[in-house]
Every structure is written in C-alpha cells, then in structure tokens.
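Undergrad: Please see the structure below; I have some questions.
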Amino acid sequence: MAQNYFQKEIETMPLEEMRKLQSEKLVKQVKHVYENVPYYRNLMDEKGVKPEDIKGIDDLHKLPFLQKSDLRDAYPYGLLGTSLDNCVRIHSTSGTTGRRVVAFYTQNDIDLWEDCCARAIVAVGGTKKDVCQVAYGYGLFTGGFGLNGGSQKVGCLTLPMSSGNTERQVQFMNDLGATILCCTPSYAAYIGEYIKEQGIQPEDISLKAGIFGAEPWTEEMRKGIEKSLGIKAYDIYGLTESTGPGVAFECSEQTGMHINEDHFFAEIIDPDTGEVLPEGSKGELVFTSLDKEGFPLLRYRTRDICVLSREKCSCGRTLVKMAKPMGRTDDMLIIRGVNVFPSQIETVLLNEGYEPNYQIVVDRVKNNDTFEVNVEMTAEKFTDKVSEILKMEKSLANAMKTMLGINPTVRLVAPKSIARSEGKAVRVIDKRKLV
Amino acid sequence: MAIKQLTVFVENKQGALVSITDTLSKHDINIRALSIAETQDFGILRLIVNDEKTAERILSEEGYLIKITEVVGVKIGDAPGKLSAALKVLDENKINMEYLYAFMARTEKHAYVVLRVEDNKTAEKALENAGFHLITDADICKL
C-alpha cells in the first residue's frame, strides 16, 4: 500500500534528529516537573538528582521511577503538572487492579493525543474519504474520545457509536458505509459473529480496516477478526497514565507498534533491578511523557513486558517499534520455576477452539507447585460421553505443556462458572503462601 | 424410533443437581428415567423426560449446557437373564455401547433399558430381529 503519514516529518525523522528533539523536550519537562510537582520533586531529592543533572535523553536513567502505587498515593492531585485552571478534561482507568487512576489533560495534551490517534488511523490507510466508526466506550474511558479526536483530525466522517447495541452498530455500518472500525478486539470478534448470524457476508460490508486495542489479544484472534469482517486488523496501544490509545500504533507491516516517541519515550528495564536493558531485550516497558502538561509522568512503569526494535520498517516510519506486550509483570506467574503468562494459556485455548474463559489456580502442596487450569466448556464441544470429555481435557493439557514446558491439570467447567469482576474474568488465583 | 435423551453438564458442587430438578419441576417436566456419570470434577446428567423440547429451552435459559442425544429404548422382561439376552444381541452384531441405564415399569411386569450405542439404526434392527420390543418417546410418556 502507498504510504501516507499524518505528520511525516516526525514519523520518518532520522534517529539522531529524534534524539535531539527528545533531549530538548526532556530537559524542559524535568525542570517543569521538579518545580511544579512536589511529589516527584521529593522522589528526585531522595535519589539525589537535580534537574540540571538531566542534560539529555541519555541522562534519563538517573531519574526515579513512578509506579502504580505512586499514582494511588498521590491520588487525586499529587501528580498534577499544572494548575487545574489549565486543565480541560479528565479520564480515568477502570480501577480493576486497585484504586482508579485519574489523569488530567490540558488542551495541548488533548491535541497531541489526538495527533497520535490520527497517525494511527492514517497508518492503516485512513484518509478524509473514510467513514470511521468508533465503537469504543465514550466517557471516563480513553478509547472513545481518543479515536474520535484522531478520526476528526484526519477528516474522516466520524460515527461516535460508543460500545454496545450491536444491532445498531451493524445498521450504521451498513447504511453509512463505515470503512474503519475502532473498538476492543473482543467486541470486533463479537460483531463478526453477529454479522455471520445475520447471514451477512464479509464482502457485503464496506469495512476495510480495524484499529483494535485496550485489551490483550493474540495473532489467532487477529486472523479470526480479519476473516469474519473481511478487513485488516491493526493493534493500537496506550494507557490512561500516558494519555490513552495512540501511544503506539501498528502500520501496514503488522509486525509491532510504532511508538509516538516524540511524545512518549520508551525504555525497557529489568523488572527486578530497574536496570535499563539494551534494544531487543525482553523486559518491563517504561514511559516518560516528554511534553504532557496536565499529567506529566516521568519513567512510569507500565508493568507490560515487551521488546523494542529499531529494525527498518517497510512503512518508512523511523519510530521505534514495540512488540505486542507478552504479559504483565503483575500477572506473570512462576510455576515450578517456569515463567507462565496467562496470555499463553489464552493462545492455546483459541488454537484449540475454546473461548478464552479460563482461570489458573496455583497452590503449593508438600513443597510442590500445583498448576490447574479451569476452562469453560463450550456448547459445540459438549457431549454426553464422559470418555470424550476426559480426552478433551487431556488434549488441552498436552497443548499447554507444549506451549509452557510444564504440565497443568486441565478441568472443563460449566459455562459462565468462572468468576468475573466488572466483566473481566478473574484469571489467576495464586494460593501459595510463600513467606 | 429412537428416544430423545437430554444431557446436562453438571458441576460437581453442592446444590448443582437440585437446582436442575427444581427448574424442571417448576415447569411441570416429569422425569421418566435418569442416570448420572461422574468424575471427580463434573457430572453428566442424562434424562428422559416427558417434554424434552421445553426442558431444553428452560435449562438453556438458566445457562446450562444441554445436548439432545438420540438413544435406543428397549423393553425387556422383568426376570433374570433378560438384560443379558439383549446385550448379547449387541455383542453378536459387534455394536459398541457407550453406556446404558435401566428402569422398571410401574404396572407392567417389564423393565426398560436405555442404550447409548455408536449406531442407533443397526442396534434397533438387530434387537428387533431378535424379537425385542423397542420403545419410543410416546411410550415413555405413557409409562
């Protein structure tokens, strides 16, 4: 596909120039944060770092980290970077892993965020001729507003559908000829199923691309969505703490997401030691907002495990690429000495034709880790033969062993029997008392 | 000819079975025969009821996994050796059987056996040829 860029100069900037731009922004940002955010000033003072020690991006590693717990401690105004008078909006996280995060935005923050989303839309082939259906939730959640703003910046006709009401989604999609769909991957998969149930063929709808994010998904899910909707499906990454979707976005190559590093500088660190790791290493992703005003987080630990790459991309963008996060430091389990990410279990389930509704239960009995995976039985697979069900459990356990290297006990359970919290299944129960 | 059996996935936890039977009784569904196959973790409840369509609908609405399976029903005499005679017919015809369960008639001097086999048609033919009387859904409702 012929490449278009929303902000070509930035998106294809040579590395040296980008480092210079990042350095200038960082020096200014650190000084501003030190003077205006007492919470972070204390962290810097504790570490013995002064703003003048930061002369460029190479000095970033000297700064202290911010963690999710800092966001909780500083709630709600402790990390605010400017007067509330200058802020025009807030967004907030769902708060499933603790207290909600409330992030503040100035008009400049919203502009740069919408630019990032516009880059993502143009990267999947979007132009002002497109009709962009935004089926992310609108509200405190960043998804709807972010993509909506990006879509308008590109000049697409924007359908602010928000999430839910699938019948209406499909009706608008058809009647107004939507060409780009933005929503969570699970909702995209659901719309795909709905369309199939209605007897609509993928070629009868005019969608050509989808931008899906806000939750982990696998390559298998991508293939499924692409087939059911007859589109190319692209990943988008973001977090409320940094801004929302658009921190990184996928291009036509579909091999990772370009980070908008003129605004969000990425580092990969060893989650145990905090040491910065070289390019290509797997570790925890850390973001520094280089020019956000309302909520300027420096060295924020995302807990996402991933890899960065500066390999030349066929799309022409020079922005560093991040792999799809392989899991999170807070949900990675070490079972019998082996690292296990719930996303690996999910991949196996999708490969074997199950829904990704599962629960991992880990315990320690007589100094040995027990590892059970409960998986919801599906209507298609259910049979009246006990022997068949036992066979299914065994075959799932074998597939998981191949993926993980350790053997789980797989148990098929009734549909909807796995506890859900705010709509998200509780994935891991670790009963080990390791004191 | 075959009888429609309702199969329900039951989790092995307290109250699981009673909530199913309660749901059925609230809708006036009469259970004619049942069997449960269980493992340590789950059970498979197999039911013959007087109205399997309604039973399937109401249990599905309650979120249960349901499957309707066709099984063979055969009438045998209520005397020693009668079940063996029926099973021998299957054996002689090399018909693989997955499971069976039996129940007594209330008034007649007969027992009934429900057979889950690989191939219903072959089993029915073999049993009829050997002089056995097969029963249908309608027969079950009359019991």
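Residue numbering restarts at 1 for every chain of the structure tokens, chains are lettered A, B, ... in their displayed order, and ligands are numbered from 1 as they appear.
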Mind running chain A against chain B at 10 Å and telling me each contacting residue's nearest atom pair with the distance in Å (one decimal), counting only C-alpha atoms, chain and number ascending, as JSON lines?
TA:
{"residue": "A:Met377", "atom": "CA", "partner": "B:Leu65", "partner_atom": "CA", "distance": 8.3}
{"residue": "A:Thr378", "atom": "CA", "partner": "B:Leu65", "partner_atom": "CA", "distance": 7.8}
{"residue": "A:Ala379", "atom": "CA", "partner": "B:Leu65", "partner_atom": "CA", "distance": 6.1}
{"residue": "A:Glu380", "atom": "CA", "partner": "B:Lys67", "partner_atom": "CA", "distance": 9.4}
{"residue": "A:Phe382", "atom": "CA", "partner": "B:Lys67", "partner_atom": "CA", "distance": 7.2}
{"residue": "A:Thr383", "atom": "CA", "partner": "B:Lys67", "partner_atom": "CA", "distance": 6.9}
{"residue": "A:Asp384", "atom": "CA", "partner": "B:Thr7", "partner_atom": "CA", "distance": 5.9}
{"residue": "A:Lys385", "atom": "CA", "partner": "B:Glu98", "partner_atom": "CA", "distance": 7.3}
{"residue": "A:Val386", "atom": "CA", "partner": "B:Ala37", "partner_atom": "CA", "distance": 7.1}
{"residue": "A:Ser387", "atom": "CA", "partner": "B:Glu98", "partner_atom": "CA", "distance": 9.0}
{"residue": "A:Ile389", "atom": "CA", "partner": "B:Phe42", "partner_atom": "CA", "distance": 9.9}
{"residue": "A:Leu390", "atom": "CA", "partner": "B:Thr39", "partner_atom": "CA", "distance": 9.0}
{"residue": "A:Arg411", "atom": "CA", "partner": "B:Asp41", "partner_atom": "CA", "distance": 7.3}
{"residue": "A:Leu412", "atom": "CA", "partner": "B:Phe42", "partner_atom": "CA", "distance": 8.0}
{"residue": "A:Val413", "atom": "CA", "partner": "B:Glu11", "partner_atom": "CA", "distance": 6.6}
{"residue": "A:Ala414", "atom": "CA", "partner": "B:Glu11", "partner_atom": "CA", "distance": 6.3}
{"residue": "A:Pro415", "atom": "CA", "partner": "B:Leu65", "partner_atom": "CA", "distance": 7.2}
{"residue": "A:Lys416", "atom": "CA", "partner": "B:Gly63", "partner_atom": "CA", "distance": 7.9}
{"residue": "A:Ser417", "atom": "CA", "partner": "B:Glu11", "partner_atom": "CA", "distance": 9.0}
Undergrad: Neighbouring residues of stretch 193-199 of chain A were defined as those with any atom within 12 Å, considering only C-alpha atoms; residues of the same chain fewer than 6 positions away were excluded. Please report them as number ranges by chain.
TA: A: 165-171, 173-174, 186-187, 205, 224-230
Undergrad: Could you pull out the helix (DSSP H, G or I) residues of stretch 274-389 of chain A, going by DSSP on the backbone, and write them as a list in words?
TA: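 Answer for stretch 274-389 of chain A, restricted to helix (DSSP H, G or I): Pro342, Ser343, Gln344, Ile345, Glu346, Thr347, Val348, Leu349, Leu350, Asn351, Val386, Ser387, Glu388 and Ile389 of chain A.
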Undergrad: Would you compute the distance between atom CA of A:Pro160 and atom CA of A:Gly144? Give it in Å to one decimal.
TA: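 Those two atoms sit 7.6 Å apart.
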Undergrad: Env of B:Met104: 10 Å cut, atoms = only C-alpha atoms, seq-sep filter 4 positions within chain, self excluded. Answer as a list of chain:residue names.
TA: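 Those residues are B:Ala33, B:Lys75, B:Ile76, B:Gly77, B:Asp78, B:Glu108, B:Lys109, B:His110, B:Ala111, B:Tyr112, B:Val113, B:Leu143.
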Undergrad: Just N, CA, C and O atoms for this one: save the residues we selected as a tab-separated table (two decimals), in the first residue's frame.
TA:
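Saved result, out-v3.tsv, follows:
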chain	number	residue	atom	x	y	z
B	33	ALA	N	-36.74	-41.20	33.44
B	33	ALA	CA	-35.57	-42.02	33.76
B	33	ALA	C	-34.37	-41.10	33.82
B	33	ALA	O	-34.36	-40.05	33.18
B	75	LYS	N	-37.61	-52.76	25.51
B	75	LYS	CA	-38.40	-53.34	26.59
B	75	LYS	C	-37.90	-54.75	26.83
B	75	LYS	O	-37.69	-55.51	25.86
B	76	ILE	N	-37.64	-55.10	28.07
B	76	ILE	CA	-37.21	-56.47	28.34
B	76	ILE	C	-38.06	-57.04	29.46
B	76	ILE	O	-38.67	-56.30	30.24
B	77	GLY	N	-38.09	-58.34	29.57
B	77	GLY	CA	-38.85	-58.97	30.63
B	77	GLY	C	-38.19	-58.73	31.98
B	77	GLY	O	-36.98	-58.56	32.06
B	78	ASP	N	-39.03	-58.71	33.01
B	78	ASP	CA	-38.51	-58.47	34.36
B	78	ASP	C	-38.15	-59.81	34.99
B	78	ASP	O	-38.86	-60.32	35.85
B	108	GLU	N	-46.72	-52.76	34.46
B	108	GLU	CA	-46.44	-53.99	33.71
B	108	GLU	C	-45.29	-54.75	34.36
B	108	GLU	O	-44.49	-54.20	35.07
B	109	LYS	N	-45.19	-56.00	34.01
B	109	LYS	CA	-44.08	-56.82	34.51
B	109	LYS	C	-42.91	-56.71	33.53
B	109	LYS	O	-42.53	-57.68	32.89
B	110	HIS	N	-42.42	-55.49	33.37
B	110	HIS	CA	-41.34	-55.27	32.41
B	110	HIS	C	-40.31	-54.30	32.95
B	110	HIS	O	-40.62	-53.51	33.83
B	111	ALA	N	-39.13	-54.39	32.37
B	111	ALA	CA	-38.11	-53.36	32.64
B	111	ALA	C	-37.77	-52.72	31.30
B	111	ALA	O	-38.05	-53.29	30.24
B	112	TYR	N	-37.20	-51.56	31.38
B	112	TYR	CA	-36.79	-50.87	30.15
B	112	TYR	C	-35.32	-50.52	30.24
B	112	TYR	O	-34.83	-50.17	31.32
B	113	VAL	N	-34.64	-50.64	29.13
B	113	VAL	CA	-33.21	-50.32	29.10
B	113	VAL	C	-32.99	-49.21	28.08
B	113	VAL	O	-33.52	-49.27	26.97
B	143	LEU	N	-45.85	-44.15	30.29
B	143	LEU	CA	-45.46	-45.00	31.42
B	143	LEU	C	-45.92	-44.42	32.75
B	143	LEU	O	-45.84	-43.22	32.95
Undergrad: Would you compute the distance between atom CA of A:Ser163 and atom CA of A:Ile180? Give it in Å to one decimal.
TA: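 Between atom CA of A:Ser163 and atom CA of A:Ile180 the gap works out to 15.0 Å.
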Undergrad: Skip stretch 79-81 of chain A itself and residues of its chain fewer than 6 positions away, then list as a PyMOL selection string all residues within 9 Å of it, counting only C-alpha atoms.
TA: chain A and resi 32-33+36-40+70-71+103-104+292-297
Undergrad: Please give the complete set of residues from chain B that DSSP, run on the backbone, assigns to strand (DSSP E), formatted as a PyMOL selection string.
TA: chain B and resi 3-11+31-38+42-49+66-77+97-104+110-117+133-135
Undergrad: Calculate how many Å separate atom CA of A:Gly146 from atom CA of A:Asp111, rounding to one decimal.
TA: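 That distance, rounded to one decimal, is 9.9 Å.
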Undergrad: Which neighbours of A:Lys55 fall inside 9 Å, counting only C-alpha atoms, when residues of the same chain fewer than 5 positions from it are skipped, and could you give them as a list in words?
TA: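 My list of contacting residues is Ser23, Glu24, Leu26, Val27 and Leu60 of chain A.
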Undergrad: Those residues with N, CA, C and O atoms, as a PDB file, in the first residue's frame please?
TA:
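The result, stored in out02.pdb:
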ATOM      1  N   SER A  23      15.681  15.041  23.644  1.00  0.00           N
ATOM      2  CA  SER A  23      16.547  15.618  24.678  1.00  0.00           C
ATOM      3  C   SER A  23      16.070  17.010  25.067  1.00  0.00           C
ATOM      4  O   SER A  23      15.961  17.339  26.260  1.00  0.00           O
ATOM      5  N   GLU A  24      15.791  17.820  24.063  1.00  0.00           N
ATOM      6  CA  GLU A  24      15.321  19.180  24.343  1.00  0.00           C
ATOM      7  C   GLU A  24      14.042  19.154  25.179  1.00  0.00           C
ATOM      8  O   GLU A  24      13.901  19.879  26.159  1.00  0.00           O
ATOM      9  N   LEU A  26      12.898  16.698  27.042  1.00  0.00           N
ATOM     10  CA  LEU A  26      13.085  16.104  28.367  1.00  0.00           C
ATOM     11  C   LEU A  26      13.663  17.113  29.365  1.00  0.00           C
ATOM     12  O   LEU A  26      13.175  17.222  30.496  1.00  0.00           O
ATOM     13  N   VAL A  27      14.687  17.848  28.938  1.00  0.00           N
ATOM     14  CA  VAL A  27      15.330  18.816  29.835  1.00  0.00           C
ATOM     15  C   VAL A  27      14.289  19.814  30.344  1.00  0.00           C
ATOM     16  O   VAL A  27      14.204  20.105  31.550  1.00  0.00           O
ATOM     17  N   LEU A  60      18.330  10.090  31.197  1.00  0.00           N
ATOM     18  CA  LEU A  60      17.007   9.697  31.706  1.00  0.00           C
ATOM     19  C   LEU A  60      17.095   8.646  32.816  1.00  0.00           C
ATOM     20  O   LEU A  60      16.352   8.692  33.795  1.00  0.00           O
TER      21      LEU A  60
END
Undergrad: I'd like the contact shell of A:Val122 - 12 Å cut-off, only C-alpha atoms, skipping same-chain residues fewer than 6 positions apart - returned as an mmCIF file with C-alpha atoms, in the first residue's frame.
TA:
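Output file selection-v3.cif is given in full below:
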data_model
loop_
_atom_site.group_PDB
_atom_site.id
_atom_site.type_symbol
_atom_site.label_atom_id
_atom_site.label_comp_id
_atom_site.auth_asym_id
_atom_site.auth_seq_id
_atom_site.Cartn_x
_atom_site.Cartn_y
_atom_site.Cartn_z
ATOM 1 C CA MET A 1 0.000 0.000 0.000
ATOM 2 C CA ALA A 2 1.226 3.510 -0.784
ATOM 3 C CA GLN A 3 2.327 5.117 2.451
ATOM 4 C CA ASN A 4 0.679 8.163 3.844
ATOM 5 C CA TYR A 5 1.675 9.855 7.043
ATOM 6 C CA PHE A 6 -0.209 12.230 9.282
ATOM 7 C CA GLN A 7 2.945 14.033 10.435
ATOM 8 C CA LYS A 8 5.577 12.832 8.001
ATOM 9 C CA GLU A 11 7.114 9.859 11.744
ATOM 10 C CA ASP A 115 -2.460 13.721 16.708
ATOM 11 C CA CYS A 116 -1.174 10.351 17.897
ATOM 12 C CA LYS A 128 -10.652 12.140 4.835
ATOM 13 C CA LYS A 129 -12.668 9.981 2.432
ATOM 14 C CA ASP A 130 -13.098 7.342 5.109
ATOM 15 C CA CYS A 132 -14.662 5.848 10.833
ATOM 16 C CA LEU A 147 -10.047 7.717 18.440
ATOM 17 C CA GLY A 150 -7.943 11.334 15.847
ATOM 18 C CA SER A 151 -10.585 10.470 13.285
ATOM 19 C CA GLN A 152 -11.755 14.090 13.105
ATOM 20 C CA LYS A 153 -8.175 15.328 12.732
ATOM 21 C CA VAL A 154 -7.730 13.036 9.744
ATOM 22 C CA GLY A 155 -11.005 14.385 8.390
ATOM 23 C CA CYS A 156 -12.885 11.094 8.381
ATOM 24 C CA ILE A 180 -12.717 1.800 9.509
ATOM 25 C CA ALA A 209 -9.560 -1.841 8.349
ATOM 26 C CA GLY A 210 -9.969 -2.031 12.086
ATOM 27 C CA ILE A 211 -7.986 -0.478 14.921
ATOM 28 C CA TYR A 234 -4.396 -3.453 13.443
ATOM 29 C CA GLY A 246 -2.250 6.037 20.384
ATOM 30 C CA PHE A 249 0.168 2.032 16.704
ATOM 31 C CA GLU A 250 0.556 -0.617 14.071
ATOM 32 C CA CYS A 251 1.361 0.124 10.419
ATOM 33 C CA SER A 252 0.721 -1.862 7.244
ATOM 34 C CA CYS A 315 6.298 1.555 6.006
#
Undergrad: Need the shell around B:Lys125: protein/DNA/RNA residues with any atom at most 12 Å away, counting only C-alpha atoms. Skip same-chain ones fewer than 4 positions apart. Format as a PDB file with C-alpha atoms, in the first residue's frame?
TA:
ATOM      1  CA  MET B   1     -37.818 -44.724  16.591  1.00  0.00           C
ATOM      2  CA  ALA B   2     -35.025 -43.512  18.850  1.00  0.00           C
ATOM      3  CA  VAL B  72     -32.318 -46.668  21.876  1.00  0.00           C
ATOM      4  CA  VAL B  74     -35.822 -51.441  24.584  1.00  0.00           C
ATOM      5  CA  VAL B  89     -27.604 -59.289  20.599  1.00  0.00           C
ATOM      6  CA  LEU B  90     -25.469 -56.139  20.534  1.00  0.00           C
ATOM      7  CA  ASN B  93     -23.617 -57.757  15.998  1.00  0.00           C
ATOM      8  CA  ILE B  95     -22.252 -52.889  18.195  1.00  0.00           C
ATOM      9  CA  ASP B 119     -25.095 -46.663  15.537  1.00  0.00           C
ATOM     10  CA  ASN B 120     -28.757 -46.490  16.546  1.00  0.00           C
ATOM     11  CA  LYS B 121     -30.195 -47.906  13.328  1.00  0.00           C
ATOM     12  CA  ASN B 129     -34.762 -59.135  14.619  1.00  0.00           C
ATOM     13  CA  ALA B 130     -34.012 -60.890  17.883  1.00  0.00           C
ATOM     14  CA  GLY B 131     -37.624 -60.318  18.950  1.00  0.00           C
ATOM     15  CA  PHE B 132     -37.188 -57.385  21.303  1.00  0.00           C
ATOM     16  CA  HIS B 133     -39.776 -54.680  21.510  1.00  0.00           C
ATOM     17  CA  LEU B 134     -38.396 -51.161  21.101  1.00  0.00           C
TER      18      LEU B 134
END
